[in-house]
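The file model.pdb contains PDB, C-alpha atoms:
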ATOM      1  CA  MET A   1      60.877  78.053 314.616  1.00  0.00           C
ATOM      2  CA  ILE A   2      61.338  81.694 315.423  1.00  0.00           C
ATOM      3  CA  TYR A   3      58.025  81.628 317.305  1.00  0.00           C
ATOM      4  CA  LEU A   4      59.291  78.827 319.551  1.00  0.00           C
ATOM      5  CA  ILE A   5      62.520  80.686 320.211  1.00  0.00           C
ATOM      6  CA  VAL A   6      60.666  83.883 321.142  1.00  0.00           C
ATOM      7  CA  GLN A   7      58.244  81.955 323.350  1.00  0.00           C
ATOM      8  CA  THR A   8      61.100  80.189 325.084  1.00  0.00           C
ATOM      9  CA  PHE A   9      62.886  83.518 325.635  1.00  0.00           C
ATOM     10  CA  ILE A  10      59.733  85.031 327.118  1.00  0.00           C
ATOM     11  CA  LEU A  11      59.280  82.064 329.472  1.00  0.00           C
ATOM     12  CA  LEU A  12      62.893  82.280 330.562  1.00  0.00           C
ATOM     13  CA  LEU A  13      62.493  86.012 331.146  1.00  0.00           C
ATOM     14  CA  VAL A  14      59.345  85.478 333.198  1.00  0.00           C
ATOM     15  CA  ALA A  15      61.038  82.724 335.183  1.00  0.00           C
ATOM     16  CA  GLY A  16      64.005  85.011 335.828  1.00  0.00           C
ATOM     17  CA  LEU A  17      61.745  87.790 336.991  1.00  0.00           C
ATOM     18  CA  LEU A  18      59.819  85.414 339.263  1.00  0.00           C
ATOM     19  CA  GLY A  19      63.106  84.131 340.705  1.00  0.00           C
ATOM     20  CA  LEU A  20      64.301  87.669 341.270  1.00  0.00           C
ATOM     21  CA  VAL A  21      61.071  88.660 343.031  1.00  0.00           C
ATOM     22  CA  LEU A  22      61.060  85.482 345.132  1.00  0.00           C
ATOM     23  CA  GLY A  23      64.689  85.969 346.060  1.00  0.00           C
ATOM     24  CA  TRP A  24      64.037  89.581 347.046  1.00  0.00           C
ATOM     25  CA  TYR A  25      61.023  88.517 349.146  1.00  0.00           C
ATOM     26  CA  LEU A  26      62.968  85.741 350.904  1.00  0.00           C
ATOM     27  CA  THR A  27      65.848  88.127 351.531  1.00  0.00           C
ATOM     28  CA  ARG A  28      63.482  90.597 353.177  1.00  0.00           C
ATOM     29  CA  ILE A  29      62.053  87.860 355.428  1.00  0.00           C
ATOM     30  CA  VAL A  30      65.537  86.704 356.466  1.00  0.00           C
ATOM     31  CA  ALA A  31      66.629  90.305 357.040  1.00  0.00           C
ATOM     32  CA  ALA A  32      63.509  91.004 359.139  1.00  0.00           C
ATOM     33  CA  ASP A  33      64.166  87.904 361.248  1.00  0.00           C
ATOM     34  CA  ALA A  34      67.805  88.892 361.679  1.00  0.00           C
ATOM     35  CA  ARG A  35      66.773  92.447 362.612  1.00  0.00           C
ATOM     36  CA  SER A  36      64.257  91.140 365.180  1.00  0.00           C
ATOM     37  CA  SER A  37      66.872  88.818 366.635  1.00  0.00           C
ATOM     38  CA  LEU A  38      69.395  91.642 366.867  1.00  0.00           C
ATOM     39  CA  GLN A  39      66.839  93.939 368.490  1.00  0.00           C
ATOM     40  CA  ALA A  40      65.952  91.241 371.048  1.00  0.00           C
ATOM     41  CA  ARG A  41      69.648  90.725 371.817  1.00  0.00           C
ATOM     42  CA  LEU A  42      70.106  94.483 372.094  1.00  0.00           C
ATOM     43  CA  ARG A  43      67.209  94.742 374.570  1.00  0.00           C
ATOM     44  CA  ALA A  44      68.614  91.820 376.577  1.00  0.00           C
ATOM     45  CA  ALA A  45      72.031  93.478 376.580  1.00  0.00           C
ATOM     46  CA  GLY A  46      70.427  96.728 377.776  1.00  0.00           C
ATOM     47  CA  GLU A  47      68.661  94.913 380.624  1.00  0.00           C
ATOM     48  CA  ASP A  48      71.905  93.153 381.580  1.00  0.00           C
ATOM     49  CA  ALA A  49      73.674  96.503 381.549  1.00  0.00           C
ATOM     50  CA  ARG A  50      71.026  98.022 383.833  1.00  0.00           C
ATOM     51  CA  GLU A  51      71.252  95.059 386.222  1.00  0.00           C
ATOM     52  CA  LEU A  52      75.032  95.293 386.258  1.00  0.00           C
ATOM     53  CA  ARG A  53      74.801  99.028 386.878  1.00  0.00           C
ATOM     54  CA  ALA A  54      72.376  98.427 389.773  1.00  0.00           C
ATOM     55  CA  GLU A  55      74.697  95.774 391.230  1.00  0.00           C
ATOM     56  CA  LEU A  56      77.623  98.153 390.848  1.00  0.00           C
ATOM     57  CA  ASP A  57      75.701 100.888 392.670  1.00  0.00           C
ATOM     58  CA  ALA A  58      74.760  98.426 395.431  1.00  0.00           C
ATOM     59  CA  LEU A  59      78.379  97.336 395.776  1.00  0.00           C
ATOM     60  CA  ALA A  60      79.510 100.956 395.896  1.00  0.00           C
ATOM     61  CA  THR A  61      76.927 101.696 398.607  1.00  0.00           C
ATOM     62  CA  ALA A  62      77.984  98.607 400.580  1.00  0.00           C
ATOM     63  CA  LYS A  63      81.618  99.672 400.277  1.00  0.00           C
ATOM     64  CA  ASN A  64      80.780 103.161 401.535  1.00  0.00           C
ATOM     65  CA  ASN A  65      78.833 101.669 404.453  1.00  0.00           C
ATOM     66  CA  CYS A  66      81.741  99.369 405.292  1.00  0.00           C
ATOM     67  CA  ASP A  67      84.163 102.279 405.136  1.00  0.00           C
ATOM     68  CA  THR A  68      81.895 104.343 407.397  1.00  0.00           C
ATOM     69  CA  GLU A  69      81.513 101.485 409.875  1.00  0.00           C
ATOM     70  CA  ARG A  70      85.259 100.880 409.822  1.00  0.00           C
ATOM     71  CA  ARG A  71      85.902 104.551 410.599  1.00  0.00           C
ATOM     72  CA  LEU A  72      83.333 104.509 413.407  1.00  0.00           C
ATOM     73  CA  LEU A  73      84.853 101.359 414.902  1.00  0.00           C
ATOM     74  CA  SER A  74      88.320 102.869 414.569  1.00  0.00           C
ATOM     75  CA  ASP A  75      87.161 106.050 416.318  1.00  0.00           C
ATOM     76  CA  GLU A  76      85.445 104.009 419.029  1.00  0.00           C
ATOM     77  CA  LEU A  77      88.570 101.923 419.547  1.00  0.00           C
ATOM     78  CA  ALA A  78      90.690 105.066 419.775  1.00  0.00           C
ATOM     79  CA  ASP A  79      88.206 106.543 422.265  1.00  0.00           C
ATOM     80  CA  LEU A  80      88.282 103.389 424.392  1.00  0.00           C
ATOM     81  CA  ARG A  81      92.076 103.403 424.360  1.00  0.00           C
ATOM     82  CA  ALA A  82      92.065 107.066 425.366  1.00  0.00           C
ATOM     83  CA  ARG A  83      89.672 106.292 428.231  1.00  0.00           C
ATOM     84  CA  LEU A  84      91.846 103.396 429.318  1.00  0.00           C
ATOM     85  CA  ASP A  85      94.954 105.594 429.266  1.00  0.00           C
ATOM     86  CA  ALA A  86      93.097 108.371 431.115  1.00  0.00           C
ATOM     87  CA  ALA A  87      91.972 105.884 433.763  1.00  0.00           C
ATOM     88  CA  GLY A  88      95.536 105.152 434.728  1.00  0.00           C
ATOM     89  CA  GLY A  89      97.311 103.990 431.640  1.00  0.00           C
ATOM     90  CA  GLY A  90      98.620 100.620 430.606  1.00  0.00           C
ATOM     91  CA  ALA A  91      99.238  98.070 433.330  1.00  0.00           C
ATOM     92  CA  ASP A  92      97.801 100.277 436.079  1.00  0.00           C
ATOM     93  CA  SER A  93      94.370 100.474 434.434  1.00  0.00           C
ATOM     94  CA  THR A  94      94.473  96.746 433.682  1.00  0.00           C
ATOM     95  CA  GLU A  95      95.222  95.993 437.332  1.00  0.00           C
ATOM     96  CA  ALA A  96      92.445  98.353 438.427  1.00  0.00           C
ATOM     97  CA  LEU A  97      90.031  96.642 436.104  1.00  0.00           C
ATOM     98  CA  ALA A  98      91.035  93.203 437.342  1.00  0.00           C
ATOM     99  CA  SER A  99      90.613  94.366 440.939  1.00  0.00           C
ATOM    100  CA  LEU A 100      87.138  95.755 440.244  1.00  0.00           C
ATOM    101  CA  GLN A 101      86.121  92.573 438.423  1.00  0.00           C
ATOM    102  CA  SER A 102      87.352  90.460 441.332  1.00  0.00           C
ATOM    103  CA  GLU A 103      85.403  92.638 443.754  1.00  0.00           C
ATOM    104  CA  LEU A 104      82.316  92.318 441.559  1.00  0.00           C
ATOM    105  CA  GLU A 105      82.550  88.523 441.541  1.00  0.00           C
ATOM    106  CA  GLN A 106      82.896  88.440 445.336  1.00  0.00           C
ATOM    107  CA  CYS A 107      79.849  90.672 445.718  1.00  0.00           C
ATOM    108  CA  ARG A 108      77.848  88.510 443.356  1.00  0.00           C
ATOM    109  CA  GLU A 109      78.770  85.362 445.276  1.00  0.00           C
ATOM    110  CA  ALA A 110      77.774  87.026 448.530  1.00  0.00           C
ATOM    111  CA  LEU A 111      74.525  88.184 446.951  1.00  0.00           C
ATOM    112  CA  VAL A 112      73.679  84.643 445.844  1.00  0.00           C
ATOM    113  CA  THR A 113      74.342  83.351 449.366  1.00  0.00           C
ATOM    114  CA  ALA A 114      72.253  86.134 450.903  1.00  0.00           C
ATOM    115  CA  THR A 115      69.282  85.616 448.593  1.00  0.00           C
ATOM    116  CA  ALA A 116      69.363  81.815 449.070  1.00  0.00           C
ATOM    117  CA  GLY A 117      69.460  81.869 452.853  1.00  0.00           C
ATOM    118  CA  GLY A 118      67.769  85.189 453.566  1.00  0.00           C
ATOM    119  CA  VAL A 119      70.755  86.692 455.415  1.00  0.00           C
ATOM    120  CA  ALA A 120      74.444  85.785 455.034  1.00  0.00           C
ATOM    121  CA  GLU A 121      76.891  85.904 457.915  1.00  0.00           C
ATOM    122  CA  LYS A 122      80.481  87.006 457.639  1.00  0.00           C
ATOM    123  CA  GLY A 123      82.199  86.002 460.857  1.00  0.00           C
ATOM    124  CA  ASP A 124      79.925  87.172 463.660  1.00  0.00           C
ATOM    125  CA  LYS A 125      78.490  90.047 461.573  1.00  0.00           C
ATOM    126  CA  GLU A 126      75.303  89.725 459.524  1.00  0.00           C
ATOM    127  CA  VAL A 127      75.455  91.107 455.991  1.00  0.00           C
ATOM    128  CA  ASP A 128      72.285  92.667 454.604  1.00  0.00           C
ATOM    129  CA  SER A 129      71.467  91.501 451.067  1.00  0.00           C
ATOM    130  CA  ALA A 130      70.509  94.999 449.935  1.00  0.00           C
ATOM    131  CA  ALA A 131      73.933  96.279 450.997  1.00  0.00           C
ATOM    132  CA  ILE A 132      75.573  93.426 449.082  1.00  0.00           C
ATOM    133  CA  ALA A 133      73.516  94.250 446.011  1.00  0.00           C
ATOM    134  CA  SER A 134      74.489  97.894 446.313  1.00  0.00           C
ATOM    135  CA  ALA A 135      78.162  96.953 446.598  1.00  0.00           C
ATOM    136  CA  ALA A 136      77.835  94.663 443.585  1.00  0.00           C
ATOM    137  CA  ALA A 137      76.242  97.443 441.590  1.00  0.00           C
ATOM    138  CA  ALA A 138      79.014  99.852 442.577  1.00  0.00           C
ATOM    139  CA  ALA A 139      81.699  97.348 441.596  1.00  0.00           C
ATOM    140  CA  ALA A 140      79.958  96.617 438.313  1.00  0.00           C
ATOM    141  CA  SER A 141      79.672 100.331 437.653  1.00  0.00           C
ATOM    142  CA  GLY A 142      83.376 100.857 438.184  1.00  0.00           C
ATOM    143  CA  ALA A 143      84.390  97.895 436.053  1.00  0.00           C
ATOM    144  CA  GLN A 144      82.052  98.777 433.225  1.00  0.00           C
ATOM    145  CA  SER A 145      83.136 102.417 433.234  1.00  0.00           C
ATOM    146  CA  LEU A 146      86.678 101.258 432.539  1.00  0.00           C
ATOM    147  CA  MET A 147      85.569  98.822 429.836  1.00  0.00           C
ATOM    148  CA  GLY A 148      83.245 101.075 427.863  1.00  0.00           C
ATOM    149  CA  GLY A 149      81.344 103.741 429.737  1.00  0.00           C
ATOM    150  CA  THR A 150      78.426 101.662 431.074  1.00  0.00           C
ATOM    151  CA  ALA A 151      77.362 101.367 434.706  1.00  0.00           C
ATOM    152  CA  ALA A 152      75.048  98.995 436.559  1.00  0.00           C
ATOM    153  CA  PRO A 153      71.838 100.581 437.902  1.00  0.00           C
ATOM    154  CA  ALA A 154      70.623 100.192 441.480  1.00  0.00           C
ATOM    155  CA  LEU A 155      69.614  96.544 441.973  1.00  0.00           C
ATOM    156  CA  ILE A 156      67.417  94.792 444.527  1.00  0.00           C
ATOM    157  CA  SER A 157      67.474  91.163 445.642  1.00  0.00           C
ATOM    158  CA  ASP A 158      64.758  88.518 445.786  1.00  0.00           C
ATOM    159  CA  ASP A 159      63.987  89.065 449.456  1.00  0.00           C
ATOM    160  CA  ASP A 160      63.464  92.828 449.097  1.00  0.00           C
ATOM    161  CA  ALA A 161      59.787  93.649 449.491  1.00  0.00           C
ATOM    162  CA  GLY A 162      57.818  95.103 446.608  1.00  0.00           C
ATOM    163  CA  THR A 163      57.905  94.005 442.987  1.00  0.00           C
ATOM    164  CA  ASP A 164      56.106  95.852 440.191  1.00  0.00           C
ATOM    165  CA  ASP A 165      54.608  94.334 437.059  1.00  0.00           C
ATOM    166  CA  LEU A 166      57.232  95.477 434.573  1.00  0.00           C
ATOM    167  CA  GLN A 167      55.123  94.146 431.708  1.00  0.00           C
ATOM    168  CA  GLN A 168      53.040  97.311 432.041  1.00  0.00           C
ATOM    169  CA  ILE A 169      55.796  98.934 429.988  1.00  0.00           C
ATOM    170  CA  LYS A 170      55.165  98.420 426.291  1.00  0.00           C
ATOM    171  CA  GLY A 171      58.054  96.399 424.887  1.00  0.00           C
ATOM    172  CA  ILE A 172      58.630  94.297 428.014  1.00  0.00           C
ATOM    173  CA  GLY A 173      57.194  90.808 427.636  1.00  0.00           C
ATOM    174  CA  PRO A 174      57.348  87.821 429.985  1.00  0.00           C
ATOM    175  CA  LYS A 175      60.833  86.785 428.810  1.00  0.00           C
ATOM    176  CA  ILE A 176      62.404  90.230 429.183  1.00  0.00           C
ATOM    177  CA  ALA A 177      60.619  90.770 432.507  1.00  0.00           C
ATOM    178  CA  GLY A 178      62.148  87.508 433.760  1.00  0.00           C
ATOM    179  CA  ILE A 179      65.629  88.579 432.680  1.00  0.00           C
ATOM    180  CA  LEU A 180      65.230  91.955 434.367  1.00  0.00           C
ATOM    181  CA  GLN A 181      64.129  90.273 437.606  1.00  0.00           C
ATOM    182  CA  GLU A 182      67.155  87.966 437.470  1.00  0.00           C
ATOM    183  CA  LEU A 183      69.369  91.045 437.070  1.00  0.00           C
ATOM    184  CA  GLY A 184      67.740  92.626 440.147  1.00  0.00           C
ATOM    185  CA  ILE A 185      65.477  95.110 438.348  1.00  0.00           C
ATOM    186  CA  ARG A 186      62.006  94.711 439.886  1.00  0.00           C
ATOM    187  CA  ARG A 187      60.566  98.197 440.430  1.00  0.00           C
ATOM    188  CA  LEU A 188      59.370 100.911 438.070  1.00  0.00           C
ATOM    189  CA  GLU A 189      61.382 103.420 440.119  1.00  0.00           C
ATOM    190  CA  GLN A 190      64.580 101.615 439.149  1.00  0.00           C
ATOM    191  CA  ILE A 191      63.850 101.978 435.436  1.00  0.00           C
ATOM    192  CA  ALA A 192      62.708 105.581 435.842  1.00  0.00           C
ATOM    193  CA  ASP A 193      66.052 106.479 437.474  1.00  0.00           C
ATOM    194  CA  TRP A 194      68.262 104.907 434.795  1.00  0.00           C
ATOM    195  CA  THR A 195      71.094 107.026 433.434  1.00  0.00           C
ATOM    196  CA  PRO A 196      72.517 106.596 429.909  1.00  0.00           C
ATOM    197  CA  GLU A 197      75.280 104.472 431.475  1.00  0.00           C
ATOM    198  CA  ASN A 198      72.646 102.283 433.154  1.00  0.00           C
ATOM    199  CA  VAL A 199      70.807 101.907 429.850  1.00  0.00           C
ATOM    200  CA  GLY A 200      74.038 100.755 428.184  1.00  0.00           C
ATOM    201  CA  TRP A 201      74.612  98.213 430.976  1.00  0.00           C
ATOM    202  CA  VAL A 202      71.101  96.750 430.639  1.00  0.00           C
ATOM    203  CA  ASN A 203      71.259  96.759 426.825  1.00  0.00           C
ATOM    204  CA  GLU A 204      74.401  94.631 426.936  1.00  0.00           C
ATOM    205  CA  ARG A 205      72.622  91.997 429.021  1.00  0.00           C
ATOM    206  CA  LEU A 206      69.366  92.009 427.089  1.00  0.00           C
ATOM    207  CA  LYS A 207      71.191  91.723 423.746  1.00  0.00           C
ATOM    208  CA  PHE A 208      68.704  94.245 422.283  1.00  0.00           C
ATOM    209  CA  LYS A 209      70.855  97.287 421.605  1.00  0.00           C
ATOM    210  CA  GLY A 210      68.815 100.487 421.377  1.00  0.00           C
ATOM    211  CA  ARG A 211      65.513  98.871 422.347  1.00  0.00           C
ATOM    212  CA  ILE A 212      65.197 100.704 425.647  1.00  0.00           C
ATOM    213  CA  GLU A 213      65.592 104.083 423.966  1.00  0.00           C
ATOM    214  CA  ARG A 214      63.452 103.174 420.951  1.00  0.00           C
ATOM    215  CA  GLU A 215      60.520 101.923 423.062  1.00  0.00           C
ATOM    216  CA  GLU A 216      60.987 104.704 425.656  1.00  0.00           C
ATOM    217  CA  TRP A 217      61.006 102.482 428.743  1.00  0.00           C
ATOM    218  CA  ILE A 218      62.139 105.290 431.042  1.00  0.00           C
ATOM    219  CA  PRO A 219      59.360 107.786 430.100  1.00  0.00           C
ATOM    220  CA  GLN A 220      56.835 104.946 430.302  1.00  0.00           C
ATOM    221  CA  ALA A 221      58.048 103.991 433.782  1.00  0.00           C
ATOM    222  CA  LYS A 222      57.811 107.609 434.960  1.00  0.00           C
ATOM    223  CA  ALA A 223      54.290 107.943 433.532  1.00  0.00           C
ATOM    224  CA  LEU A 224      53.185 104.702 435.234  1.00  0.00           C
ATOM    225  CA  ILE A 225      54.586 105.909 438.551  1.00  0.00           C
ATOM    226  CA  GLU A 226      52.752 109.239 438.227  1.00  0.00           C
ATOM    227  CA  THR A 227      49.502 107.434 437.369  1.00  0.00           C
ATOM    228  CA  ARG A 228      49.917 105.036 440.282  1.00  0.00           C
ATOM    229  CA  ASP A 229      50.715 107.757 442.788  1.00  0.00           C
ATOM    230  CA  ALA A 230      47.996 110.149 441.584  1.00  0.00           C
TER     231      ALA A 230
END

Once you've parsed the file, please lay out its structure as structure tokens.
Amino acid sequence: MIYLIVQTFILLLVAGLLGLVLGWYLTRIVAADARSSLQARLRAAGEDARELRAELDALATAKNNCDTERRLLSDELADLRARLDAAGGGADSTEALASLQSELEQCREALVTATAGGVAEKGDKEVDSAAIASAAAAAASGAQSLMGGTAAPALISDDDAGTDDLQQIKGIGPKIAGILQELGIRRLEQIADWTPENVGWVNERLKFKGRIEREEWIPQAKALIETRDA
């Protein structure tokens, strides 16, 4: 009887020890899984934090750029207002601008008539198309100087003799060459003589701001003229 009791006690003790070891082992597995899960979440949180920090830096940079652009536009607006006031101030400068624009439109209309029919007549007096183009350029120069500091370059009409291949200049393709010809820019000498105000005037019409300076049209035109005349 005592032997059975002792044997039963030993079996219960062994079973308890096995349960304890198994429980400890299972606890370690669960803890390891939990630790791995927490580490993965921590790494994901770190990556999210880095992405958020990068987005924050990008937003800060964009804000600084916007502030810089706003200040530049504000300075430009103030400069334009100062130029307008210096030109005559208020209503006087507005009237002068309107007068110059009206004169420009009249010159353009006369230029179209002259180029379509060869020579336009005004009363009994013939009007040379080159003179009309020159007057149009002068009017455009005056109007643009009031509006923003640009001025039209010297232009020539369709019936003026001599047209250069402007596509020799790197950066001028068939489309841009066609636009330049429509504007009255047909000779390398015209491009070579451009002033910064002329460049601004042409840039506004080509819709490629800074392209003329970046591709160095003027130095290219001068080099082509020197090569041609050598």

Please identify all polymer residues within 10 Å of Ala221 of chain A, counting only C-alpha atoms, omitting same-chain residues fewer than 2 positions from it, and present them as an mmCIF file with C-alpha atoms, in the coordinates of the input.
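Saved result, part-v3.cif, follows:
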data_model
loop_
_atom_site.group_PDB
_atom_site.id
_atom_site.type_symbol
_atom_site.label_atom_id
_atom_site.label_comp_id
_atom_site.auth_asym_id
_atom_site.auth_seq_id
_atom_site.Cartn_x
_atom_site.Cartn_y
_atom_site.Cartn_z
ATOM 1 C CA LEU A 166 57.232 95.477 434.573
ATOM 2 C CA GLN A 168 53.040 97.311 432.041
ATOM 3 C CA ILE A 169 55.796 98.934 429.988
ATOM 4 C CA LYS A 170 55.165 98.420 426.291
ATOM 5 C CA ARG A 187 60.566 98.197 440.430
ATOM 6 C CA LEU A 188 59.370 100.911 438.070
ATOM 7 C CA GLU A 189 61.382 103.420 440.119
ATOM 8 C CA GLN A 190 64.580 101.615 439.149
ATOM 9 C CA ILE A 191 63.850 101.978 435.436
ATOM 10 C CA ALA A 192 62.708 105.581 435.842
ATOM 11 C CA ASP A 193 66.052 106.479 437.474
ATOM 12 C CA GLU A 216 60.987 104.704 425.656
ATOM 13 C CA TRP A 217 61.006 102.482 428.743
ATOM 14 C CA ILE A 218 62.139 105.290 431.042
ATOM 15 C CA PRO A 219 59.360 107.786 430.100
ATOM 16 C CA ALA A 223 54.290 107.943 433.532
ATOM 17 C CA LEU A 224 53.185 104.702 435.234
ATOM 18 C CA ILE A 225 54.586 105.909 438.551
ATOM 19 C CA GLU A 226 52.752 109.239 438.227
ATOM 20 C CA THR A 227 49.502 107.434 437.369
#

Can you turn the PyMOL selection byres ((chain A and resi 206) around 12) into a concrete residue list for this file, as a PDB file with C-alpha atoms, in the frame of the given file?
ATOM      1  CA  ILE A 172      58.630  94.297 428.014  1.00  0.00           C
ATOM      2  CA  LYS A 175      60.833  86.785 428.810  1.00  0.00           C
ATOM      3  CA  ILE A 176      62.404  90.230 429.183  1.00  0.00           C
ATOM      4  CA  ALA A 177      60.619  90.770 432.507  1.00  0.00           C
ATOM      5  CA  GLY A 178      62.148  87.508 433.760  1.00  0.00           C
ATOM      6  CA  ILE A 179      65.629  88.579 432.680  1.00  0.00           C
ATOM      7  CA  LEU A 180      65.230  91.955 434.367  1.00  0.00           C
ATOM      8  CA  GLN A 181      64.129  90.273 437.606  1.00  0.00           C
ATOM      9  CA  GLU A 182      67.155  87.966 437.470  1.00  0.00           C
ATOM     10  CA  LEU A 183      69.369  91.045 437.070  1.00  0.00           C
ATOM     11  CA  VAL A 199      70.807 101.907 429.850  1.00  0.00           C
ATOM     12  CA  GLY A 200      74.038 100.755 428.184  1.00  0.00           C
ATOM     13  CA  TRP A 201      74.612  98.213 430.976  1.00  0.00           C
ATOM     14  CA  VAL A 202      71.101  96.750 430.639  1.00  0.00           C
ATOM     15  CA  ASN A 203      71.259  96.759 426.825  1.00  0.00           C
ATOM     16  CA  GLU A 204      74.401  94.631 426.936  1.00  0.00           C
ATOM     17  CA  ARG A 205      72.622  91.997 429.021  1.00  0.00           C
ATOM     18  CA  LYS A 207      71.191  91.723 423.746  1.00  0.00           C
ATOM     19  CA  PHE A 208      68.704  94.245 422.283  1.00  0.00           C
ATOM     20  CA  LYS A 209      70.855  97.287 421.605  1.00  0.00           C
ATOM     21  CA  GLY A 210      68.815 100.487 421.377  1.00  0.00           C
ATOM     22  CA  ARG A 211      65.513  98.871 422.347  1.00  0.00           C
ATOM     23  CA  ILE A 212      65.197 100.704 425.647  1.00  0.00           C
TER      24      ILE A 212
END

Between atom CA of Glu213 of chain A and atom CA of Thr68 of chain A, what is the distance in Å, rounded to a tenth?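 Between these atoms lies a distance of 23.2 Å.
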
Quick check, in Å to one decimal: how far apart do atom CA of Arg43 of chain A and atom CA of Leu56 of chain A lie?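 Straight-line distance from atom CA of Arg43 of chain A to atom CA of Leu56 of chain A works out to 19.6 Å.
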
Å distance separating atom CA of Pro196 of chain A from atom CA of Ala154 of chain A, one decimal place: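 Separating atom CA of Pro196 of chain A from atom CA of Ala154 of chain A is a distance of 13.4 Å.
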
Could you check the closest approach to Asn198 of chain A for each of A:Ile10, A:Ser37, A:Met1, A:Ile185 and tell me which residue wins, using only C-alpha atoms?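 Of all the options, A:Ile185 lies closest to Asn198 of chain A.
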
For a quick check of understanding, using only C-alpha atoms, which of A:Ala152, A:Leu18, A:Tyr25, A:Gln167 has the smallest distance to Gly184 of chain A? A:Ala152
